[in-house]
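Engineer: Shown below is the structure under consideration.
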Amino acid sequence: MDRRNFLSLLLSVFGTGAFVSFAYPLIRYLAPPTANIKKIRLTFNKSDIGDAKEILFQQTPTVIINRPGKGYIALSRVCTHLGCLLEYDKLQRKLVCPCHAGVFDLEGRVVSGPPPKPLLTFPLRVEGEDITIG
Amino acid sequence: MWQKIRDGVNIRTGLSELIDNKLKGYRVPSDTNIFYTIGIVTMAAYIVLAITGYFLLMYYVPHSEHAFGSVQKIMTVIPFGWFVRMIHIVVANLMVALVFIHLVSIFFMGNYKKPRELTWLIGGLVLLTTLAFCLSGYLLPWNQRSYWATTIVTNIPTAFPVLGDFIANTLRGGETISEITLTRFFSLHVGFLPPVFLILVGLHMFLVWRIGLSVPPLSSSAKEEKPWTGYRPVSYSKSYPFYPNFLLKEVSMVMIFFVVTFFLITFMPMLFLPEAANMPADPLKTPPHIKPEWYFLAPYQMLKMIPNKFFGISIQLIAIVIFLFWPFIDSGEERNILKRPLILGVSLILLAAWFVLTVMGRYS
């Protein structure tokens, strides 16, 4: 390898190194920190069948529903289509998206509309009238 | 006195020589129509936006707890704050319309053909930058519409496997729209996009100046253009000087643009401010019938109608790529669209579809 080619190679190595050391921190700087895992406790009246409570869990708007005959479920309210917040329809027993009319059942499954996948569910534990999510 | 100042400046800068050579000496085809002036009107709109944006910055607070309040203060407390903000809103919307009209007119006149392919490509990038300006700008007032419209748009990349979630989270700075998203969009709007826009417009204007304005395709002198086998200075059989003839035409169109702006502010002040734009953002309540700005209604309605999100968004991305690189795809020499019935028919159908989708998006 002659002197000119060696210098070109050196320049490429240093240039790539400088670019990577500049670009990597910038990309990491843009990547958001992940949310801390927490537990939330709340109290439900067991006789309120079909009732729901809306909370914020791990920065995700969440709804806890007391399903008739099936017990409690904690579902993300974020529509899997484009992120609008679902509204719980107690009479029809479904979750409806106000943006593109996506409909989910109380298991979080897509019933109709454009959402591509089911809703995120969070684990919960029931002790008497106390419910712990997370 | 005035003459002395002129002479003083002239001795030190050679201004007269510059005007004679670069403005009076620069020739423009004499049969240009008003569509040739839309570009400069768009530039005027950008200058107005930069000035009003700078004034809005003096009172706007980019913080989720203060942003909505600071905008309300601009509208109700600061003397003529409403005026500055209304100009900013109306001109921003008109600017999108102007860029659209500019591109559509260039398309129908076939002015993107060789040697102006790069001019078209950069013009397309200017349109995308303008839309990025609008998107980042309308989150800033932190109202219900801006919050939820931004939620919808920043969720679009999640349709793509592997990198989709990463892109969406990087755009938002988290899983949802938050304080971080607001500051991120604010820095994009006032710090990143303006130099990008100016660089693109600078390149665009350089190419227009370097290649020269195209002759309208229906003009008699259009046929006299020789094939472009290599770069050569542009020449016209019938032309007039850029200054003062063409510049006066452009300034007249800028004046008409201001008339439209002030007409809208005076007689239709709520045209671009629906009810949800006057309610503070509530991250726990999506308002019913949330709709994006008029220029995003067609893609929004398309996403509503196509059940598969990945498919719907892929179609739109492919359409953008085809649009940007159209001059390289349609490389034939014929510029007169009346002699190309297929292209004319398809483009009219696409324009009509865009219009219908926009109306459906607005009223469905």
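Labels used: A, B, ... for chains in the order of the structure tokens, numbers from 1 for residues in each chain, and numbers from 1 for ligands as shown.
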If we count only C-alpha atoms, which residues of chain A reach to within 7 Å of chain B? Please list them as JSON, numbers by chain.

Structural biologist: {"A": [30, 31, 32, 61, 82, 83, 84, 85, 98, 99, 100, 113, 114, 116]}

Engineer: With C-alpha atoms kept, could you save the residues just selected as a compact mmCIF listing (two decimals), in the first residue's frame?

Structural biologist:
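again.txt written:
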```txt
# COMPACT_ATOMS: atom_id res chain seq x y z
CA LEU A 30 -33.91 11.32 20.45
CA ALA A 31 -34.98 7.88 21.75
CA PRO A 32 -37.40 8.33 24.62
CA PRO A 61 -54.86 5.70 29.40
CA LEU A 82 -54.05 5.48 14.99
CA GLY A 83 -53.91 6.10 18.74
CA CYS A 84 -57.21 7.86 19.51
CA LEU A 85 -58.77 7.09 22.90
CA PRO A 98 -64.32 8.29 17.91
CA CYS A 99 -61.82 8.79 15.07
CA HIS A 100 -62.31 5.96 12.58
CA GLY A 113 -63.40 -1.13 11.68
CA PRO A 114 -59.78 -0.55 10.72
CA PRO A 116 -55.18 -4.04 12.94
```

Engineer: Excluding Val71 in chain B and any residue of its chain fewer than 5 positions from it, enumerate the residues within 8 Å of it, using only C-alpha atoms, and give them as a ChimeraX atom specification.

Structural biologist: /B:59-60,141

Engineer: Taking C-alpha atoms for each residue, export the selection above as a tab-separated table (two decimals), in the first residue's frame.

Structural biologist:
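So result.tsv came out as:
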```
chain	number	residue	atom	x	y	z
B	59	TYR	CA	-45.22	35.65	23.96
B	60	TYR	CA	-45.62	31.94	23.21
B	141	PRO	CA	-51.29	25.88	20.58
```

Engineer: Contacts of Ser112 in chain A at 10 Å or less, counting only C-alpha atoms, minus same-chain residues fewer than 5 places along, as a list in words?

Structural biologist: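 Contacts, in chain order: Val96, Ala101, Gly102, Val103, Phe104 and Asp105 of chain A; Pro307 of chain B.
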
Engineer: Please dump the current selection as a PDB file, in the first residue's frame; keep C-alpha atoms.

Structural biologist:
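Saved file out36.pdb follows:
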```pdb
ATOM      1  CA  VAL A  96     -65.672   2.538  20.305  1.00  0.00           C
ATOM      2  CA  ALA A 101     -65.178   4.024  14.208  1.00  0.00           C
ATOM      3  CA  GLY A 102     -63.094   1.003  15.255  1.00  0.00           C
ATOM      4  CA  VAL A 103     -65.028  -1.258  17.657  1.00  0.00           C
ATOM      5  CA  PHE A 104     -63.562  -3.647  20.273  1.00  0.00           C
ATOM      6  CA  ASP A 105     -65.337  -6.143  22.524  1.00  0.00           C
TER       7      ASP A 105
ATOM      8  CA  PRO B 307     -59.274  -1.440   6.372  1.00  0.00           C
TER       9      PRO B 307
END
```

Engineer: Pick the closest to Val110 in chain A from A:Thr80, A:Asn5, A:Gln92, A:Thr43: which is it, counting only C-alpha atoms?

Structural biologist: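 Among the listed residues, A:Thr80 lies closest to Val110 in chain A.
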
Engineer: I'd like the neighbourhood of Gly108 in chain A as an MDAnalysis selection string, where a residue qualifies if any of its atoms comes within 10 Å (using only C-alpha atoms), though same-chain residues fewer than 2 positions away should be ignored.

Structural biologist: chainID A and resid 73:77 94:95 103:106 110:111 117:121

Engineer: What's around Gly124 in chain B at 6 Å? Count only C-alpha atoms, leave out sequence neighbours fewer than 3 positions away in its own chain, and write the answer as a VMD selection string.

Structural biologist: chain B and resid 121 127 324

Engineer: Go through range 200-295 of chain B and flag each residue having an atom no more than 12 Å from range 16-19 of chain B; for those, report the closest pair of atoms plus their distance in Å to one decimal, using only C-alpha atoms, ordered by chain and rising number, as JSON lines.

Structural biologist:
```
{"residue": "B:Pro241", "atom": "CA", "partner": "B:Ile19", "partner_atom": "CA", "distance": 11.0}
{"residue": "B:Phe242", "atom": "CA", "partner": "B:Ile19", "partner_atom": "CA", "distance": 10.2}
{"residue": "B:Tyr243", "atom": "CA", "partner": "B:Ile19", "partner_atom": "CA", "distance": 8.2}
{"residue": "B:Pro244", "atom": "CA", "partner": "B:Ile19", "partner_atom": "CA", "distance": 10.2}
```

Engineer: Could you write out that same residue set with N, CA and C atoms as a compact mmCIF listing (two decimals), in the first residue's frame?

Structural biologist:
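Writing the result to out-v9.txt gives the following:
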```txt
# COMPACT_ATOMS: atom_id res chain seq x y z
N PRO B 241 -37.76 41.89 -20.36
CA PRO B 241 -36.86 41.81 -19.21
C PRO B 241 -37.58 41.41 -17.92
N PHE B 242 -36.84 40.71 -17.06
CA PHE B 242 -37.40 40.32 -15.76
C PHE B 242 -37.79 41.56 -14.96
N TYR B 243 -36.87 42.58 -14.97
CA TYR B 243 -37.15 43.82 -14.27
C TYR B 243 -37.23 44.95 -15.27
N PRO B 244 -38.27 45.74 -15.31
CA PRO B 244 -39.40 45.76 -14.36
C PRO B 244 -40.60 44.92 -14.79
```

Engineer: Quick one: pick out all strand (DSSP E or B) residues within range 35-262 of chain B from a backbone DSSP run and write them as a list in words.

Structural biologist: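 Everything in range 35-262 of chain B that counts as strand (DSSP E or B) is Asn143, Ser239, Tyr240 and Pro241 of chain B.
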
Engineer: Between CA of Phe323 in chain B and CA of Ile106 in chain B, measure the distance and give it in Å to one decimal.

Structural biologist: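 So the answer is 12.5 Å.
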
Engineer: Find the residues near Glu179 in chain B: any atom within 9 Å, counting only C-alpha atoms, skip ones fewer than 2 places away on the same chain, and give them as a PyMOL selection string.

Structural biologist: chain B and resi 62-65+173+177+181-184

Engineer: Neighbouring residues of Glu129 in chain A were defined as those with any atom within 12 Å, considering only C-alpha atoms; residues of the same chain fewer than 2 positions away were excluded. Please report them as a PyMOL selection string.

Structural biologist: chain A and resi 41-48+66+71-72+125-127+131-132

Engineer: Write down as a PyMOL selection string the residues of range 120-177 of chain B whose backbone DSSP state falls under helix (DSSP H, G or I).

Structural biologist: chain B and resi 120-139+144-159+164-172

Engineer: Could the residues in this selection be saved with N, CA and C atoms as a compact mmCIF listing (two decimals), in the first residue's frame?

Structural biologist:
```txt
# COMPACT_ATOMS: atom_id res chain seq x y z
N TRP B 120 -38.45 20.33 -10.34
CA TRP B 120 -39.70 19.71 -9.88
C TRP B 120 -39.46 18.93 -8.58
N LEU B 121 -38.40 18.12 -8.56
CA LEU B 121 -38.10 17.28 -7.40
C LEU B 121 -37.93 18.16 -6.15
N ILE B 122 -37.17 19.25 -6.29
CA ILE B 122 -36.94 20.13 -5.14
C ILE B 122 -38.24 20.85 -4.77
N GLY B 123 -39.05 21.19 -5.79
CA GLY B 123 -40.37 21.80 -5.51
C GLY B 123 -41.24 20.85 -4.70
N GLY B 124 -41.19 19.55 -5.06
CA GLY B 124 -41.95 18.54 -4.29
C GLY B 124 -41.47 18.47 -2.85
N LEU B 125 -40.14 18.55 -2.67
CA LEU B 125 -39.59 18.53 -1.30
C LEU B 125 -40.01 19.79 -0.54
N VAL B 126 -40.13 20.91 -1.26
CA VAL B 126 -40.62 22.15 -0.62
C VAL B 126 -42.05 21.93 -0.11
N LEU B 127 -42.88 21.24 -0.91
CA LEU B 127 -44.25 20.95 -0.48
C LEU B 127 -44.23 20.09 0.79
N LEU B 128 -43.40 19.05 0.81
CA LEU B 128 -43.34 18.17 1.99
C LEU B 128 -42.83 18.95 3.21
N THR B 129 -41.86 19.84 2.99
CA THR B 129 -41.36 20.66 4.12
C THR B 129 -42.45 21.60 4.62
N THR B 130 -43.24 22.15 3.69
CA THR B 130 -44.34 23.03 4.08
C THR B 130 -45.35 22.25 4.94
N LEU B 131 -45.65 21.01 4.53
CA LEU B 131 -46.59 20.19 5.31
C LEU B 131 -46.00 19.86 6.69
N ALA B 132 -44.67 19.64 6.73
CA ALA B 132 -44.01 19.38 8.02
C ALA B 132 -44.09 20.62 8.92
N PHE B 133 -43.96 21.79 8.30
CA PHE B 133 -44.13 23.06 9.03
C PHE B 133 -45.53 23.11 9.66
N CYS B 134 -46.53 22.76 8.83
CA CYS B 134 -47.93 22.84 9.30
C CYS B 134 -48.16 21.85 10.42
N LEU B 135 -47.66 20.63 10.23
CA LEU B 135 -47.86 19.58 11.23
C LEU B 135 -47.22 19.97 12.56
N SER B 136 -45.96 20.42 12.50
CA SER B 136 -45.28 20.78 13.75
C SER B 136 -45.88 22.04 14.34
N GLY B 137 -46.40 22.91 13.48
CA GLY B 137 -46.96 24.17 13.97
C GLY B 137 -48.28 24.01 14.66
N TYR B 138 -49.15 23.09 14.16
CA TYR B 138 -50.46 23.07 14.77
C TYR B 138 -50.55 22.30 16.08
N LEU B 139 -49.46 21.65 16.49
CA LEU B 139 -49.45 21.10 17.86
C LEU B 139 -49.20 22.21 18.88
N GLN B 144 -57.31 20.79 21.78
CA GLN B 144 -57.80 19.44 21.54
C GLN B 144 -57.55 18.96 20.11
N ARG B 145 -57.81 19.85 19.16
CA ARG B 145 -57.62 19.43 17.78
C ARG B 145 -56.15 19.15 17.49
N SER B 146 -55.28 20.07 17.93
CA SER B 146 -53.87 19.89 17.63
C SER B 146 -53.34 18.64 18.31
N TYR B 147 -53.78 18.40 19.56
CA TYR B 147 -53.28 17.24 20.30
C TYR B 147 -53.68 15.93 19.59
N TRP B 148 -54.97 15.82 19.23
CA TRP B 148 -55.44 14.54 18.70
C TRP B 148 -55.09 14.34 17.23
N ALA B 149 -55.04 15.45 16.49
CA ALA B 149 -54.61 15.33 15.08
C ALA B 149 -53.14 14.87 15.05
N THR B 150 -52.33 15.39 15.98
CA THR B 150 -50.92 14.98 16.03
C THR B 150 -50.81 13.53 16.50
N THR B 151 -51.69 13.13 17.41
CA THR B 151 -51.69 11.72 17.85
C THR B 151 -51.90 10.80 16.66
N ILE B 152 -52.89 11.14 15.83
CA ILE B 152 -53.20 10.31 14.65
C ILE B 152 -51.99 10.25 13.71
N VAL B 153 -51.43 11.42 13.41
CA VAL B 153 -50.36 11.47 12.41
C VAL B 153 -49.10 10.75 12.93
N THR B 154 -48.77 10.95 14.21
CA THR B 154 -47.54 10.32 14.72
C THR B 154 -47.72 8.81 14.92
N ASN B 155 -48.95 8.32 14.84
CA ASN B 155 -49.17 6.87 14.92
C ASN B 155 -49.04 6.19 13.57
N ILE B 156 -49.02 6.99 12.51
CA ILE B 156 -48.96 6.41 11.16
C ILE B 156 -47.75 5.50 10.97
N PRO B 157 -46.53 5.89 11.43
CA PRO B 157 -45.38 4.99 11.19
C PRO B 157 -45.53 3.63 11.86
N THR B 158 -46.40 3.47 12.87
CA THR B 158 -46.52 2.18 13.57
C THR B 158 -47.06 1.08 12.64
N ALA B 159 -47.56 1.48 11.46
CA ALA B 159 -48.06 0.48 10.50
C ALA B 159 -46.91 -0.36 9.95
N GLY B 164 -41.28 0.65 12.85
CA GLY B 164 -42.43 1.54 12.97
C GLY B 164 -42.59 2.15 14.35
N ASP B 165 -42.56 1.30 15.38
CA ASP B 165 -42.74 1.80 16.74
C ASP B 165 -41.60 2.74 17.15
N PHE B 166 -40.39 2.38 16.73
CA PHE B 166 -39.22 3.21 17.08
C PHE B 166 -39.38 4.61 16.47
N ILE B 167 -39.79 4.66 15.19
CA ILE B 167 -39.94 5.96 14.52
C ILE B 167 -41.02 6.79 15.22
N ALA B 168 -42.16 6.12 15.52
CA ALA B 168 -43.27 6.84 16.15
C ALA B 168 -42.84 7.37 17.52
N ASN B 169 -42.17 6.53 18.31
CA ASN B 169 -41.76 6.96 19.65
C ASN B 169 -40.69 8.04 19.59
N THR B 170 -39.83 7.98 18.56
CA THR B 170 -38.80 9.01 18.43
C THR B 170 -39.44 10.35 18.04
N LEU B 171 -40.45 10.28 17.15
CA LEU B 171 -41.16 11.51 16.77
C LEU B 171 -41.81 12.15 17.99
N ARG B 172 -42.47 11.31 18.80
CA ARG B 172 -43.23 11.83 19.95
C ARG B 172 -42.37 12.05 21.18
```

Engineer: Per residue of range 272-314 of chain B within 8 Å of range 345-357 of chain B, note the shortest atom pair and the distance in Å to one decimal, counting only C-alpha atoms, and order the rows by chain and increasing residue number, as a tab-separated table.

Structural biologist:
```
residue	atom	partner	partner_atom	distance
B:Leu297	CA	B:Leu357	CA	7.1
B:Ala298	CA	B:Leu357	CA	4.7
B:Pro299	CA	B:Leu357	CA	7.8
B:Gln301	CA	B:Leu357	CA	6.0
B:Met302	CA	B:Leu357	CA	7.1
```

Engineer: Let's have the selection written as a compact mmCIF listing (two decimals), in the first residue's frame, with C-alpha atoms.

Structural biologist:
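Heads up, here's the output in result_6.txt:
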```txt
# COMPACT_ATOMS: atom_id res chain seq x y z
CA LEU B 297 -58.29 15.37 4.94
CA ALA B 298 -57.84 13.26 1.77
CA PRO B 299 -55.15 10.93 3.21
CA GLN B 301 -60.29 9.77 4.73
CA MET B 302 -58.34 7.19 2.73
```
